[in-house]
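Q: Below you will find the structure I want to go over with you.
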Amino acid sequence: MKKKMTLAQRVNILRASVMGANDGILSVAGIVVGVAGATTNSFSILISGLAGMLAGTISMAMGEYVSVNTQKDAQKMAITHQKAALEQDYDREAAMVKQKYVDQGISEPLAAQATKEMMADDALVTTVRERYGFNPSEFISPYAAGIASMISFPTGSILPLVSITFFPPKIKVLATVIAVALALAITGYTAAILGNADRRHGMLRNVVSGLLTMVVTYFIGHLFA
């Protein structure tokens, strides 16, 4: 029977999807706006955007896959070390867990009782979580993360491609900038929620970075017009 994903694993897949969509919006917007600064030829702009979308999709998917695999390998090594530590000196590892709880403001008798119960239930999970900060039962699938990015990047890139292609020539750049700014506000806000960060700062930071990217690429393209 296939094991169900935990909430943490689902959140991490969602994070990969949101960041993939955000990068798709931002990367392709920078490309098409930059090319629009150099030429008004809609076909040239569209082809450059499609090329950027394809390259970005492959890059994001492989990058996410490699990144998650690297993290997973490091976590597996930490688990191996922790197994050895428990075999060599169980009492020292239990004392480490108890001290962690005391440092968090739990009274010493309660910390000792909690440590005893949790170590009896699963000493490896308890000590890995307290020493290294992750749950050994919640590995993220590199395949799931890579597929999430592979789907979300081109999905996000559709917005700037459609905007720059179908809006009238006189307003296509401005309309694309506005559409992209709105989309980046949404992805920035969502990413801040997933990361438990300040929503307003996350949204503002994302929009400002997107606007700067498009302004810079537009004027670089304009130099070659």
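To be explicit about the labels: the chains of the structure tokens are called A, B, and onward in the order shown, and within each one the residues are counted from 1, while ligands get numbers from 1 in the order they are shown.
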Segment 170-184 of chain A: which residues within 9 Å, counting only C-alpha atoms, same-chain residues fewer than 3 positions away excluded, as a PyMOL selection string?

A: chain A and resi 22+25-26+29+32-33+36-37+156+159-167+187-189+203-204+206-208+210-211+214

Q: Determine, counting only C-alpha atoms, which protein, DNA and RNA residues have an atom within 8 Å of an atom of segment 112-120 of chain A; residues of the same chain fewer than 3 positions away are not included. Present the result as a ChimeraX atom specification.

A: /A:94,97-98,108-109,123-124,126-127

Q: Those residues with N, CA and C atoms, as a PDB file, in the first residue's frame please?

A:
ATOM      1  N   ALA A  94      19.758  11.309  25.067  1.00  0.00           N
ATOM      2  CA  ALA A  94      18.543  11.617  25.828  1.00  0.00           C
ATOM      3  C   ALA A  94      18.714  12.916  26.598  1.00  0.00           C
ATOM      4  N   VAL A  97      18.189  15.853  24.277  1.00  0.00           N
ATOM      5  CA  VAL A  97      16.773  16.116  24.017  1.00  0.00           C
ATOM      6  C   VAL A  97      16.139  16.839  25.195  1.00  0.00           C
ATOM      7  N   LYS A  98      16.409  16.349  26.401  1.00  0.00           N
ATOM      8  CA  LYS A  98      15.863  16.979  27.610  1.00  0.00           C
ATOM      9  C   LYS A  98      16.301  18.434  27.701  1.00  0.00           C
ATOM     10  N   GLU A 108      12.026  21.318  34.279  1.00  0.00           N
ATOM     11  CA  GLU A 108      12.918  20.164  34.196  1.00  0.00           C
ATOM     12  C   GLU A 108      12.199  18.827  34.435  1.00  0.00           C
ATOM     13  N   PRO A 109      11.308  18.737  35.436  1.00  0.00           N
ATOM     14  CA  PRO A 109      10.606  17.458  35.623  1.00  0.00           C
ATOM     15  C   PRO A 109       9.737  17.086  34.411  1.00  0.00           C
ATOM     16  N   ALA A 123      13.290   6.684  19.552  1.00  0.00           N
ATOM     17  CA  ALA A 123      14.483   7.453  19.923  1.00  0.00           C
ATOM     18  C   ALA A 123      15.139   8.105  18.710  1.00  0.00           C
ATOM     19  N   LEU A 124      15.170   7.403  17.584  1.00  0.00           N
ATOM     20  CA  LEU A 124      15.836   7.946  16.395  1.00  0.00           C
ATOM     21  C   LEU A 124      15.114   9.187  15.873  1.00  0.00           C
ATOM     22  N   THR A 126      13.073  11.147  17.471  1.00  0.00           N
ATOM     23  CA  THR A 126      13.142  12.217  18.467  1.00  0.00           C
ATOM     24  C   THR A 126      14.486  12.925  18.431  1.00  0.00           C
ATOM     25  N   THR A 127      15.567  12.167  18.421  1.00  0.00           N
ATOM     26  CA  THR A 127      16.895  12.789  18.468  1.00  0.00           C
ATOM     27  C   THR A 127      17.264  13.468  17.144  1.00  0.00           C
TER      28      THR A 127
END

Q: Please provide as an NGL selection string all residues within 12 Å of Ala145 of chain A, with the sequence filter that same-chain residues fewer than 3 positions apart are discarded (counting only C-alpha atoms).

A: :A and (9-20 or 60-69 or 139-142 or 148-152)

Q: Tell me which of A:Val128, A:Ala192, A:Ile31, A:Ala185 sits closest to His81 of chain A, counting only C-alpha atoms.

A: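 The shortest atom-to-atom distance to His81 of chain A comes from A:Val128.
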
Q: Just give me the gap between atom CA of Arg129 of chain A and atom CA of Met96 of chain A in Å, one decimal is fine.

A: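 Spanning atom CA of Arg129 of chain A to atom CA of Met96 of chain A is a straight-line distance of 11.5 Å.
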
Q: Looking at only C-alpha atoms, which of A:Gly34, A:Pro154, A:Gly24, A:Gly56 is the one that sits closest to Phe224 of chain A?

A: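 Of the candidates, the smallest distance to Phe224 of chain A is held by A:Gly34.
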
Q: One decimal, in Å: what's the spacing between atom CA of Gln75 of chain A and atom CA of Asn135 of chain A?

A: 9.3 Å

Q: Report, in Å to a single decimal, how far apart atom CA of Ile58 of chain A and atom CA of Thr40 of chain A are.

A: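 Between atom CA of Thr40 of chain A and atom CA of Ile58 of chain A the gap works out to 28.0 Å.
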
Q: So, with only C-alpha atoms as the atoms that count, which of A:Arg205, A:Arg131, A:Arg199, A:Lys76 lies closest to Glu93 of chain A?

A: A:Arg131

Q: Which residues come within 8 Å of Gln99 of chain A, counting only C-alpha atoms, excluding same-chain residues fewer than 4 positions away, as a ChimeraX atom specification?

A: /A:95,103,111

Q: Can you spit out the residues from that selection as a short mmCIF file (atom, residue, chain, number, x, y, z; two decimals), in the first residue's frame, using C-alpha atoms?

A:
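Generated output (again.cif):
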data_model
loop_
_atom_site.label_atom_id
_atom_site.label_comp_id
_atom_site.auth_asym_id
_atom_site.auth_seq_id
_atom_site.Cartn_x
_atom_site.Cartn_y
_atom_site.Cartn_z
CA ALA A 95 20.17 14.37 27.88
CA ASP A 103 15.84 25.63 26.84
CA ALA A 111 11.09 17.88 30.20
#
